[in-house]
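Enquirer: Contents of entry28.pdb (PDB, C-alpha atoms (C1' of nucleotides)) are below:
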```
ATOM      1  CA  MET A  21      19.041   9.115 -16.800
ATOM      2  CA  THR A  22      18.964   6.480 -19.472
ATOM      3  CA  LEU A  23      16.262   4.533 -17.799
ATOM      4  CA  THR A  24      14.009   2.803 -20.244
ATOM      5  CA  ILE A  25      10.482   3.057 -19.029
ATOM      6  CA  PRO A  26       8.567  -0.124 -19.648
ATOM      7  CA  ASP A  27       4.850   0.093 -19.992
ATOM      8  CA  ILE A  28       4.323  -0.798 -16.388
ATOM      9  CA  LEU A  29       1.574   1.759 -16.459
ATOM     10  CA  GLU A  30      -0.662  -0.751 -18.180
ATOM     11  CA  GLU A  31      -2.891  -2.674 -15.864
ATOM     12  CA  ARG A  32      -2.150  -5.973 -17.544
ATOM     13  CA  CYS A  33       1.573  -5.594 -17.273
ATOM     14  CA  THR A  34       2.928  -8.399 -15.123
ATOM     15  CA  THR A  35       5.679  -6.156 -13.873
ATOM     16  CA  ARG A  36       3.123  -3.706 -12.650
ATOM     17  CA  GLN A  37       1.143  -6.432 -10.992
ATOM     18  CA  ALA A  38       4.202  -7.673  -9.157
ATOM     19  CA  LEU A  39       4.954  -4.127  -8.179
ATOM     20  CA  GLU A  40       1.505  -3.587  -6.807
ATOM     21  CA  ARG A  41       1.852  -6.619  -4.636
ATOM     22  CA  LEU A  42       5.155  -5.442  -3.268
ATOM     23  CA  ALA A  43       4.010  -1.935  -2.593
ATOM     24  CA  SER A  44       2.686  -2.776   0.818
ATOM     25  CA  LYS A  45       3.867  -1.415   4.095
ATOM     26  CA  TRP A  46       3.661  -4.704   5.939
ATOM     27  CA  ARG A  47       5.187  -6.793   3.207
ATOM     28  CA  VAL A  48       8.209  -4.597   3.021
ATOM     29  CA  LEU A  49       8.652  -4.612   6.761
ATOM     30  CA  LEU A  50       8.147  -8.344   7.013
ATOM     31  CA  ILE A  51      10.653  -9.087   4.312
ATOM     32  CA  TYR A  52      13.033  -6.820   6.092
ATOM     33  CA  ALA A  53      12.498  -8.597   9.363
ATOM     34  CA  LEU A  54      12.907 -11.979   7.727
ATOM     35  CA  LEU A  55      16.212 -11.039   6.173
ATOM     36  CA  ALA A  56      17.630 -11.714   9.617
ATOM     37  CA  GLY A  57      16.687 -15.338   9.256
ATOM     38  CA  PRO A  58      13.739 -17.654   9.881
ATOM     39  CA  GLN A  59      11.487 -16.530  12.644
ATOM     40  CA  ARG A  60       8.415 -17.571  14.485
ATOM     41  CA  HIS A  61       5.015 -16.001  14.469
ATOM     42  CA  ALA A  62       5.245 -14.438  17.919
ATOM     43  CA  GLU A  63       8.771 -13.324  17.201
ATOM     44  CA  LEU A  64       7.776 -11.472  14.069
ATOM     45  CA  ARG A  65       4.877  -9.949  15.864
ATOM     46  CA  ARG A  66       7.208  -8.453  18.393
ATOM     47  CA  ARG A  67       9.791  -7.304  15.898
ATOM     48  CA  VAL A  68       7.466  -5.672  13.456
ATOM     49  CA  ALA A  69       6.023  -3.099  15.784
ATOM     50  CA  GLY A  70       2.403  -2.290  15.262
ATOM     51  CA  ILE A  71       1.330  -5.305  13.295
ATOM     52  CA  THR A  72      -1.598  -7.269  14.634
ATOM     53  CA  GLN A  73      -1.873 -11.012  14.718
ATOM     54  CA  LYS A  74      -4.513 -11.000  12.050
ATOM     55  CA  VAL A  75      -2.613  -8.867   9.623
ATOM     56  CA  LEU A  76       0.573 -10.750  10.308
ATOM     57  CA  THR A  77      -1.068 -14.057   9.520
ATOM     58  CA  GLU A  78      -2.743 -12.700   6.429
ATOM     59  CA  THR A  79       0.340 -11.030   5.096
ATOM     60  CA  LEU A  80       2.485 -14.089   5.697
ATOM     61  CA  ARG A  81       0.002 -16.264   3.905
ATOM     62  CA  ASP A  82      -0.173 -13.905   0.977
ATOM     63  CA  MET A  83       3.562 -13.794   0.723
ATOM     64  CA  GLU A  84       3.758 -17.533   1.025
ATOM     65  CA  HIS A  85       1.322 -17.964  -1.799
ATOM     66  CA  ASP A  86       3.387 -15.502  -3.828
ATOM     67  CA  GLY A  87       6.433 -17.642  -3.291
ATOM     68  CA  LEU A  88       8.270 -15.129  -1.179
ATOM     69  CA  VAL A  89       7.983 -16.870   2.149
ATOM     70  CA  GLU A  90       8.145 -20.448   3.309
ATOM     71  CA  ARG A  91       6.268 -21.794   6.271
ATOM     72  CA  GLN A  92       7.571 -24.732   8.228
ATOM     73  CA  VAL A  93       5.858 -26.553  11.031
ATOM     74  CA  LEU A  94       8.467 -28.047  13.287
ATOM     75  CA  LYS A  95       6.234 -29.794  15.777
ATOM     76  CA  GLN A  96       2.791 -31.198  15.435
ATOM     77  CA  THR A  97       1.862 -31.130  19.115
ATOM     78  CA  PRO A  98      -0.646 -28.498  20.226
ATOM     79  CA  PRO A  99       1.999 -26.012  21.314
ATOM     80  CA  GLN A 100       2.873 -25.645  17.674
ATOM     81  CA  HIS A 101       6.228 -24.433  16.549
ATOM     82  CA  VAL A 102       6.000 -22.651  13.225
ATOM     83  CA  GLU A 103       8.745 -20.817  11.455
ATOM     84  CA  TYR A 104       8.682 -18.470   8.520
ATOM     85  CA  ALA A 105      11.605 -17.945   6.227
ATOM     86  CA  LEU A 106      12.280 -16.132   3.018
ATOM     87  CA  THR A 107      12.433 -18.337  -0.040
ATOM     88  CA  THR A 108      15.243 -18.024  -2.531
ATOM     89  CA  LEU A 109      13.024 -15.702  -4.476
ATOM     90  CA  GLY A 110      12.227 -13.697  -1.400
ATOM     91  CA  LYS A 111      15.879 -13.233  -0.650
ATOM     92  CA  THR A 112      16.489 -11.722  -4.050
ATOM     93  CA  LEU A 113      14.439  -8.803  -2.862
ATOM     94  CA  GLN A 114      17.140  -7.835  -0.451
ATOM     95  CA  GLU A 115      19.059  -5.638  -2.850
ATOM     96  CA  PRO A 116      16.246  -3.616  -4.365
ATOM     97  CA  LEU A 117      14.728  -3.275  -0.943
ATOM     98  CA  ALA A 118      17.992  -2.093   0.497
ATOM     99  CA  ALA A 119      18.083   0.555  -2.202
ATOM    100  CA  ILE A 120      14.731   1.903  -1.120
ATOM    101  CA  CYS A 121      15.645   1.782   2.533
ATOM    102  CA  ALA A 122      18.869   3.562   1.829
ATOM    103  CA  TRP A 123      16.936   6.259   0.063
ATOM    104  CA  ALA A 124      14.526   6.592   2.944
ATOM    105  CA  THR A 125      17.440   6.844   5.326
ATOM    106  CA  GLU A 126      19.260   9.416   3.267
ATOM    107  CA  HIS A 127      16.224  11.611   2.918
ATOM    108  CA  PRO A 128      14.859  11.747   6.421
ATOM    109  CA  ALA A 129      13.561  15.246   5.928
ATOM    110  CA  GLY A 130      11.988  14.294   2.669
ATOM    111  CA  LEU A 131       8.708  12.778   3.550
ATOM    112  CA  HIS A 132       7.998  14.894   6.552
ATOM    113  CA  ARG A 133       4.340  15.240   7.248
ATOM    114  CA  VAL A 134       3.469  18.869   6.888
ATOM    115  CA  ALA A 135       0.426  19.924   8.793
ATOM    116  CA  SER A 136      -2.181  21.043   6.304
TER
ATOM    117  CA  MET B  26      24.723 -10.457   2.773
ATOM    118  CA  THR B  27      26.394  -7.764   4.763
ATOM    119  CA  LEU B  28      23.315  -5.643   4.945
ATOM    120  CA  THR B  29      23.023  -3.806   8.193
ATOM    121  CA  ILE B  30      19.457  -3.891   9.292
ATOM    122  CA  PRO B  31      18.435  -0.597  10.864
ATOM    123  CA  ASP B  32      15.625  -0.627  13.323
ATOM    124  CA  ILE B  33      13.129   0.351  10.706
ATOM    125  CA  LEU B  34      10.827  -2.065  12.421
ATOM    126  CA  GLU B  35      10.167   0.513  15.080
ATOM    127  CA  GLU B  36       7.094   2.591  14.502
ATOM    128  CA  ARG B  37       8.847   5.808  15.383
ATOM    129  CA  CYS B  38      11.696   5.269  12.967
ATOM    130  CA  THR B  39      11.646   8.035  10.389
ATOM    131  CA  THR B  40      13.026   5.684   7.803
ATOM    132  CA  ARG B  41      10.117   3.380   8.366
ATOM    133  CA  GLN B  42       7.696   6.231   8.114
ATOM    134  CA  ALA B  43       9.141   7.350   4.825
ATOM    135  CA  LEU B  44       9.002   3.792   3.633
ATOM    136  CA  GLU B  45       5.375   3.453   4.553
ATOM    137  CA  ARG B  46       4.565   6.514   2.547
ATOM    138  CA  LEU B  47       6.375   5.187  -0.476
ATOM    139  CA  ALA B  48       4.872   1.743  -0.294
ATOM    140  CA  SER B  49       1.858   2.712  -2.302
ATOM    141  CA  LYS B  50       0.824   1.354  -5.604
ATOM    142  CA  TRP B  51      -0.250   4.676  -7.032
ATOM    143  CA  ARG B  52       2.678   6.656  -5.768
ATOM    144  CA  VAL B  53       5.118   4.297  -7.349
ATOM    145  CA  LEU B  54       3.278   4.343 -10.640
ATOM    146  CA  LEU B  55       2.929   8.102 -10.624
ATOM    147  CA  ILE B  56       6.576   8.662  -9.932
ATOM    148  CA  TYR B  57       7.337   6.305 -12.722
ATOM    149  CA  ALA B  58       5.074   8.150 -15.079
ATOM    150  CA  LEU B  59       6.537  11.475 -14.074
ATOM    151  CA  LEU B  60      10.068  10.340 -14.743
ATOM    152  CA  ALA B  61       9.236  10.976 -18.375
ATOM    153  CA  GLY B  62       8.868  14.658 -17.603
ATOM    154  CA  PRO B  63       6.251  17.138 -16.433
ATOM    155  CA  GLN B  64       2.756  16.166 -17.318
ATOM    156  CA  ARG B  65      -0.763  17.381 -17.007
ATOM    157  CA  HIS B  66      -3.581  16.014 -14.961
ATOM    158  CA  ALA B  67      -5.499  14.479 -17.835
ATOM    159  CA  GLU B  68      -2.305  13.161 -19.322
ATOM    160  CA  LEU B  69      -1.361  11.336 -16.168
ATOM    161  CA  ARG B  70      -4.838   9.996 -15.891
ATOM    162  CA  ARG B  71      -4.512   8.414 -19.275
ATOM    163  CA  ARG B  72      -1.023   7.080 -18.743
ATOM    164  CA  VAL B  73      -1.558   5.551 -15.373
ATOM    165  CA  ALA B  74      -4.204   3.064 -16.342
ATOM    166  CA  GLY B  75      -6.858   2.425 -13.779
ATOM    167  CA  ILE B  76      -6.407   5.457 -11.613
ATOM    168  CA  THR B  77      -9.454   7.581 -10.997
ATOM    169  CA  GLN B  78      -9.509  11.334 -11.073
ATOM    170  CA  LYS B  79     -10.119  11.499  -7.375
ATOM    171  CA  VAL B  80      -7.280   9.230  -6.400
ATOM    172  CA  LEU B  81      -4.983  10.929  -8.876
ATOM    173  CA  THR B  82      -5.673  14.329  -7.361
ATOM    174  CA  GLU B  83      -5.290  13.031  -3.836
ATOM    175  CA  THR B  84      -2.109  11.171  -4.526
ATOM    176  CA  LEU B  85      -0.563  14.105  -6.338
ATOM    177  CA  ARG B  86      -1.393  16.419  -3.482
ATOM    178  CA  ASP B  87       0.044  14.022  -0.956
ATOM    179  CA  MET B  88       3.208  13.700  -2.949
ATOM    180  CA  GLU B  89       3.371  17.419  -3.390
ATOM    181  CA  HIS B  90       3.086  17.930   0.325
ATOM    182  CA  ASP B  91       5.812  15.330   0.799
ATOM    183  CA  GLY B  92       8.073  17.323  -1.451
ATOM    184  CA  LEU B  93       8.186  14.748  -4.205
ATOM    185  CA  VAL B  94       6.099  16.555  -6.764
ATOM    186  CA  GLU B  95       5.736  20.135  -7.874
ATOM    187  CA  ARG B  96       2.551  21.629  -9.186
ATOM    188  CA  GLN B  97       2.559  24.530 -11.597
ATOM    189  CA  VAL B  98      -0.420  26.433 -12.887
ATOM    190  CA  LEU B  99       0.406  27.822 -16.297
ATOM    191  CA  LYS B 100      -2.814  29.670 -17.019
ATOM    192  CA  GLN B 101      -5.359  31.159 -14.728
ATOM    193  CA  THR B 102      -8.256  31.188 -17.169
ATOM    194  CA  PRO B 103     -11.049  28.699 -16.562
ATOM    195  CA  PRO B 104      -9.660  26.110 -18.933
ATOM    196  CA  GLN B 105      -6.801  25.698 -16.497
ATOM    197  CA  HIS B 106      -3.470  24.327 -17.512
ATOM    198  CA  VAL B 107      -1.751  22.547 -14.668
ATOM    199  CA  GLU B 108       1.412  20.564 -14.816
ATOM    200  CA  TYR B 109       3.002  18.210 -12.371
ATOM    201  CA  ALA B 110       6.695  17.509 -12.225
ATOM    202  CA  LEU B 111       9.019  15.608  -9.977
ATOM    203  CA  THR B 112      11.044  17.737  -7.631
ATOM    204  CA  THR B 113      14.756  17.238  -7.251
ATOM    205  CA  LEU B 114      13.979  15.010  -4.327
ATOM    206  CA  GLY B 115      11.426  13.108  -6.317
ATOM    207  CA  LYS B 116      13.922  12.455  -9.041
ATOM    208  CA  THR B 117      16.320  10.855  -6.617
ATOM    209  CA  LEU B 118      13.813   8.079  -6.321
ATOM    210  CA  GLN B 119      14.526   6.997  -9.834
ATOM    211  CA  GLU B 120      17.379   4.678  -8.990
ATOM    212  CA  PRO B 121      15.897   2.796  -6.079
ATOM    213  CA  LEU B 122      12.646   2.584  -7.958
ATOM    214  CA  ALA B 123      14.374   1.248 -11.012
ATOM    215  CA  ALA B 124      15.896  -1.444  -8.826
ATOM    216  CA  ILE B 125      12.480  -2.591  -7.724
ATOM    217  CA  CYS B 126      11.082  -2.477 -11.229
ATOM    218  CA  ALA B 127      14.024  -4.419 -12.520
ATOM    219  CA  TRP B 128      13.340  -7.036  -9.909
ATOM    220  CA  ALA B 129       9.683  -7.206 -10.827
ATOM    221  CA  THR B 130      10.641  -7.567 -14.455
ATOM    222  CA  GLU B 131      13.184 -10.267 -13.803
ATOM    223  CA  HIS B 132      10.821 -12.301 -11.713
ATOM    224  CA  PRO B 133       7.652 -12.306 -13.773
ATOM    225  CA  ALA B 134       6.753 -15.766 -12.544
ATOM    226  CA  GLY B 135       7.408 -14.776  -9.009
ATOM    227  CA  LEU B 136       4.330 -13.079  -7.828
ATOM    228  CA  HIS B 137       1.899 -15.145  -9.810
ATOM    229  CA  ARG B 138      -1.489 -15.277  -8.235
ATOM    230  CA  VAL B 139      -2.136 -18.863  -7.341
ATOM    231  CA  ALA B 140      -5.779 -19.732  -7.161
ATOM    232  CA  SER B 141      -6.557 -20.724  -3.616
TER
ATOM    233  C1'  DC C  12       1.641 -21.211  20.339
ATOM    234  C1'  DG C  13      -0.315 -20.399  15.969
ATOM    235  C1'  DG C  14      -4.181 -19.028  13.793
ATOM    236  C1'  DG C  15      -9.226 -19.486  12.273
ATOM    237  C1'  DA C  16     -13.801 -17.111  12.840
ATOM    238  C1'  DT C  17     -16.547 -13.086  14.019
ATOM    239  C1'  DC C  18     -18.210  -8.676  14.656
ATOM    240  C1'  DC C  19     -17.568  -3.915  14.016
ATOM    241  C1'  DA C  20     -15.290   0.586  13.303
ATOM    242  C1'  DA C  21     -12.537   3.022  10.141
ATOM    243  C1'  DA C  22     -10.236   4.042   6.020
ATOM    244  C1'  DT C  23     -10.373   3.587   0.675
ATOM    245  C1'  DT C  24     -12.669   3.780  -3.517
ATOM    246  C1'  DG C  25     -16.133   4.569  -7.150
ATOM    247  C1'  DA C  26     -19.544   7.186  -9.274
ATOM    248  C1'  DT C  27     -21.750  11.634  -9.947
ATOM    249  C1'  DA C  28     -22.696  16.201  -9.940
ATOM    250  C1'  DC C  29     -20.924  20.824  -9.760
ATOM    251  C1'  DT C  30     -17.613  25.113  -9.993
ATOM    252  C1'  DG C  31     -13.849  28.513 -11.343
TER
ATOM    253  C1'  DC D  23      -9.474  21.463 -17.742
ATOM    254  C1'  DA D  24      -8.577  20.754 -13.007
ATOM    255  C1'  DG D  25     -10.534  20.093  -8.917
ATOM    256  C1'  DT D  26     -14.067  19.927  -4.888
ATOM    257  C1'  DA D  27     -18.022  17.693  -2.741
ATOM    258  C1'  DT D  28     -20.948  13.979  -1.635
ATOM    259  C1'  DC D  29     -22.692   9.498  -0.789
ATOM    260  C1'  DA D  30     -22.832   4.655  -1.360
ATOM    261  C1'  DA D  31     -20.110   0.586  -1.663
ATOM    262  C1'  DT D  32     -16.118  -1.928  -0.547
ATOM    263  C1'  DT D  33     -11.941  -3.056   1.705
ATOM    264  C1'  DT D  34      -9.260  -3.124   5.476
ATOM    265  C1'  DG D  35      -8.029  -3.179  10.241
ATOM    266  C1'  DG D  36      -8.641  -4.004  15.193
ATOM    267  C1'  DA D  37     -10.510  -6.521  19.070
ATOM    268  C1'  DT D  38     -12.204 -10.942  20.814
ATOM    269  C1'  DC D  39     -13.141 -15.575  21.582
ATOM    270  C1'  DC D  40     -11.993 -20.146  20.603
ATOM    271  C1'  DC D  41      -9.705 -24.475  19.065
ATOM    272  C1'  DG D  42      -5.941 -28.037  17.947
TER
END
```
Let me see the file written as structure tokens.
Expert:
Amino acid sequence: MTLTIPDILEERCTTRQALERLASKWRVLLIYALLAGPQRHAELRRRVAGITQKVLTETLRDMEHDGLVERQVLKQTPPQHVEYALTTLGKTLQEPLAAICAWATEHPAGLHRVAS
Amino acid sequence: MTLTIPDILEERCTTRQALERLASKWRVLLIYALLAGPQRHAELRRRVAGITQKVLTETLRDMEHDGLVERQVLKQTPPQHVEYALTTLGKTLQEPLAAICAWATEHPAGLHRVAS
DNA sequence: CGGGATCCAAATTGATACTG
DNA sequence: CAGTATCAATTTGGATCCCG
């Protein structure tokens, strides 16, 4: 009701830019998956149904470079062991994300795809 | 902390599907713009910087068909007067959306684009 | 196992021109 | 004014093959 609307509608607005980066299907799902704790590449691939190796790698790297995810190599030998974990910053997304998920859960009939 | 993670990671999960539909840059911005009240096509185009007429029309129609937005034609004469407004359902997005925006505002340094 | 490199098909977008 | 139609230009995604 008393929401103050910032000028996030401006292209230069940093809030809008952050928002645009978050508004991604895979990012949201990955963050969600990672809330359960650090996980490996193959693990995430299995958990996040539908994601391909390429997209997974790309998304993780983007998120890492945005400071949301941390990548740790545990072994250097060829059978590499790599884990991804949310950073402190990434974890702060839990609450707002939960709010969205709660909404999506509460309004299952909302975004039904109506045949044109 | 005590967040129960639903299996939104499954492709068939309706919550995930709703989420995927919401996770769109333009949708988020449009909803935000529309929180200020019903607005016209040209008005929205001006407010939501960077959106093109085509994408605006498409996004509005998608949101309309998802039950988030309502379209009302006020005049039938050639210089048409069309207004778009959030539906009751659409308005319920205000809170979760505000949570995300608040996050984005609080973490301006978060999603900085680091030159590769 | 993790992921870089390619090649290619498919989906998005941008720019214009046109209509009720 | 609002919106459709079209076509070219990107972007994005999927499928493979390969390497440390």
Enquirer: Mind running segment 27-64 of chain A against segment 12-26 of chain C at 12 Å and telling me each contacting residue's nearest atom pair with the distance in Å (one decimal), counting only C-alpha atoms (C1' of nucleotides), chain and number ascending, as a tab-separated table?
Expert:
```
residue	atom	partner	partner_atom	distance
A:Arg60	CA	C:DG13	C1'	9.3
A:His61	CA	C:DG13	C1'	7.1
A:Ala62	CA	C:DC12	C1'	8.0
A:Glu63	CA	C:DC12	C1'	11.1
```
Enquirer: Counting only C-alpha atoms (C1' of nucleotides), collect the residues of chain B whose closest atom lies at most 12 Å from chain C, and write them out as a list in words.
Expert: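 Here is what falls inside 12 Å: Gly75, Ile76, Thr77, Gln78, Lys79, Val80, Leu81, Glu83, Gln101, Thr102, Pro103, Pro104 and Gln105 of chain B.
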Enquirer: Expanded to explicit residues, what is the PyMOL selection byres ((chain B and resi 86) around 12) for this file, as a count of residues only?
Expert: 25
Enquirer: Hey, could you make a per-residue contact list for chain B against chain A with 8 Å as the cut-off, showing the nearest pair of atoms and its distance in Å to one decimal, counting only C-alpha atoms, sorted by chain and number, as a tab-separated table?
Expert:
```
residue	atom	partner	partner_atom	distance
B:Leu28	CA	A:Ala118	CA	7.8
B:Ile30	CA	A:Tyr52	CA	7.8
B:Ile33	CA	A:Leu49	CA	7.8
B:Leu34	CA	A:Val68	CA	5.0
B:Glu35	CA	A:Ala69	CA	5.5
B:Glu36	CA	A:Ala69	CA	5.9
B:Thr39	CA	A:Pro128	CA	6.3
B:Thr40	CA	A:Ala124	CA	5.2
B:Arg41	CA	A:Ala124	CA	7.7
B:Ala43	CA	A:Leu131	CA	5.6
B:Leu44	CA	A:Ala124	CA	6.2
B:Glu45	CA	A:Lys45	CA	5.1
B:Arg46	CA	A:Leu131	CA	7.6
B:Leu47	CA	A:Ala43	CA	7.8
B:Ala48	CA	A:Ala43	CA	4.4
B:Ser49	CA	A:Ala43	CA	5.1
B:Lys50	CA	A:Glu40	CA	5.1
B:Val53	CA	A:Ala43	CA	7.9
B:Leu54	CA	A:Leu29	CA	6.6
B:Tyr57	CA	A:Ile25	CA	7.8
B:Ala58	CA	A:Leu29	CA	7.4
B:Arg72	CA	A:Leu29	CA	6.3
B:Val73	CA	A:Leu29	CA	5.0
B:Ala74	CA	A:Glu30	CA	5.5
B:Gly75	CA	A:Glu31	CA	6.8
B:His90	CA	A:Val134	CA	6.6
B:Asp91	CA	A:Leu131	CA	4.7
B:Gly92	CA	A:Gly130	CA	6.4
B:Leu93	CA	A:Gly130	CA	7.9
B:Leu114	CA	A:Gly130	CA	7.3
B:Leu118	CA	A:Trp123	CA	7.3
B:Glu120	CA	A:Ala119	CA	8.0
B:Pro121	CA	A:Ala119	CA	5.0
B:Leu122	CA	A:Ile120	CA	7.2
B:Ala123	CA	A:Leu23	CA	7.8
B:Ala124	CA	A:Pro116	CA	5.0
B:Ile125	CA	A:Pro116	CA	5.1
B:Cys126	CA	A:Leu39	CA	7.0
B:Trp128	CA	A:Pro116	CA	7.1
B:Ala129	CA	A:Thr35	CA	5.1
B:Thr130	CA	A:Thr35	CA	5.2
B:Pro133	CA	A:Thr34	CA	6.3
B:Gly135	CA	A:Gly87	CA	6.5
B:Leu136	CA	A:Asp86	CA	4.8
B:His137	CA	A:Asp86	CA	6.2
B:Arg138	CA	A:Asp86	CA	6.6
B:Val139	CA	A:His85	CA	6.6
```
Enquirer: Could you save those same residues with C-alpha atoms as an mmCIF file, in the frame of the given file?
Expert:
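Okay, selection.cif is ready:
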```
data_model
loop_
_atom_site.group_PDB
_atom_site.id
_atom_site.type_symbol
_atom_site.label_atom_id
_atom_site.label_comp_id
_atom_site.auth_asym_id
_atom_site.auth_seq_id
_atom_site.Cartn_x
_atom_site.Cartn_y
_atom_site.Cartn_z
ATOM 1 C CA LEU B 28 23.315 -5.643 4.945
ATOM 2 C CA ILE B 30 19.457 -3.891 9.292
ATOM 3 C CA ILE B 33 13.129 0.351 10.706
ATOM 4 C CA LEU B 34 10.827 -2.065 12.421
ATOM 5 C CA GLU B 35 10.167 0.513 15.080
ATOM 6 C CA GLU B 36 7.094 2.591 14.502
ATOM 7 C CA THR B 39 11.646 8.035 10.389
ATOM 8 C CA THR B 40 13.026 5.684 7.803
ATOM 9 C CA ARG B 41 10.117 3.380 8.366
ATOM 10 C CA ALA B 43 9.141 7.350 4.825
ATOM 11 C CA LEU B 44 9.002 3.792 3.633
ATOM 12 C CA GLU B 45 5.375 3.453 4.553
ATOM 13 C CA ARG B 46 4.565 6.514 2.547
ATOM 14 C CA LEU B 47 6.375 5.187 -0.476
ATOM 15 C CA ALA B 48 4.872 1.743 -0.294
ATOM 16 C CA SER B 49 1.858 2.712 -2.302
ATOM 17 C CA LYS B 50 0.824 1.354 -5.604
ATOM 18 C CA VAL B 53 5.118 4.297 -7.349
ATOM 19 C CA LEU B 54 3.278 4.343 -10.640
ATOM 20 C CA TYR B 57 7.337 6.305 -12.722
ATOM 21 C CA ALA B 58 5.074 8.150 -15.079
ATOM 22 C CA ARG B 72 -1.023 7.080 -18.743
ATOM 23 C CA VAL B 73 -1.558 5.551 -15.373
ATOM 24 C CA ALA B 74 -4.204 3.064 -16.342
ATOM 25 C CA GLY B 75 -6.858 2.425 -13.779
ATOM 26 C CA HIS B 90 3.086 17.930 0.325
ATOM 27 C CA ASP B 91 5.812 15.330 0.799
ATOM 28 C CA GLY B 92 8.073 17.323 -1.451
ATOM 29 C CA LEU B 93 8.186 14.748 -4.205
ATOM 30 C CA LEU B 114 13.979 15.010 -4.327
ATOM 31 C CA LEU B 118 13.813 8.079 -6.321
ATOM 32 C CA GLU B 120 17.379 4.678 -8.990
ATOM 33 C CA PRO B 121 15.897 2.796 -6.079
ATOM 34 C CA LEU B 122 12.646 2.584 -7.958
ATOM 35 C CA ALA B 123 14.374 1.248 -11.012
ATOM 36 C CA ALA B 124 15.896 -1.444 -8.826
ATOM 37 C CA ILE B 125 12.480 -2.591 -7.724
ATOM 38 C CA CYS B 126 11.082 -2.477 -11.229
ATOM 39 C CA TRP B 128 13.340 -7.036 -9.909
ATOM 40 C CA ALA B 129 9.683 -7.206 -10.827
ATOM 41 C CA THR B 130 10.641 -7.567 -14.455
ATOM 42 C CA PRO B 133 7.652 -12.306 -13.773
ATOM 43 C CA GLY B 135 7.408 -14.776 -9.009
ATOM 44 C CA LEU B 136 4.330 -13.079 -7.828
ATOM 45 C CA HIS B 137 1.899 -15.145 -9.810
ATOM 46 C CA ARG B 138 -1.489 -15.277 -8.235
ATOM 47 C CA VAL B 139 -2.136 -18.863 -7.341
#
```
Enquirer: Residues of chain D that approach chain B to 12 Å or less, counting all atoms listed in the file: could you list each one with the shortest pair of atoms and its distance in Å to one decimal, rows by chain and increasing residue number, as JSON lines?
Expert:
```
{"residue": "D:DC23", "atom": "C1'", "partner": "B:Pro104", "partner_atom": "CA", "distance": 4.8}
{"residue": "D:DA24", "atom": "C1'", "partner": "B:Gln105", "partner_atom": "CA", "distance": 6.3}
{"residue": "D:DG25", "atom": "C1'", "partner": "B:Thr82", "partner_atom": "CA", "distance": 7.7}
{"residue": "D:DT26", "atom": "C1'", "partner": "B:Lys79", "partner_atom": "CA", "distance": 9.6}
{"residue": "D:DA27", "atom": "C1'", "partner": "B:Lys79", "partner_atom": "CA", "distance": 11.1}
```
Enquirer: Measure the distance from atom CA of Glu108 of chain B to atom CA of Pro63 of chain B in Å and round it to one decimal.
Expert: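 Going from atom CA of Glu108 of chain B over to atom CA of Pro63 of chain B covers 6.1 Å.
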Enquirer: In Å to one decimal, how far is atom CA of Ile51 of chain A from atom C1' of DT32 of chain D?
Expert: 28.1 Å
Enquirer: Can you measure atom CA of Leu106 of chain A to atom CA of Leu94 of chain A for me? One decimal in Å is fine.
Expert: 16.2 Å
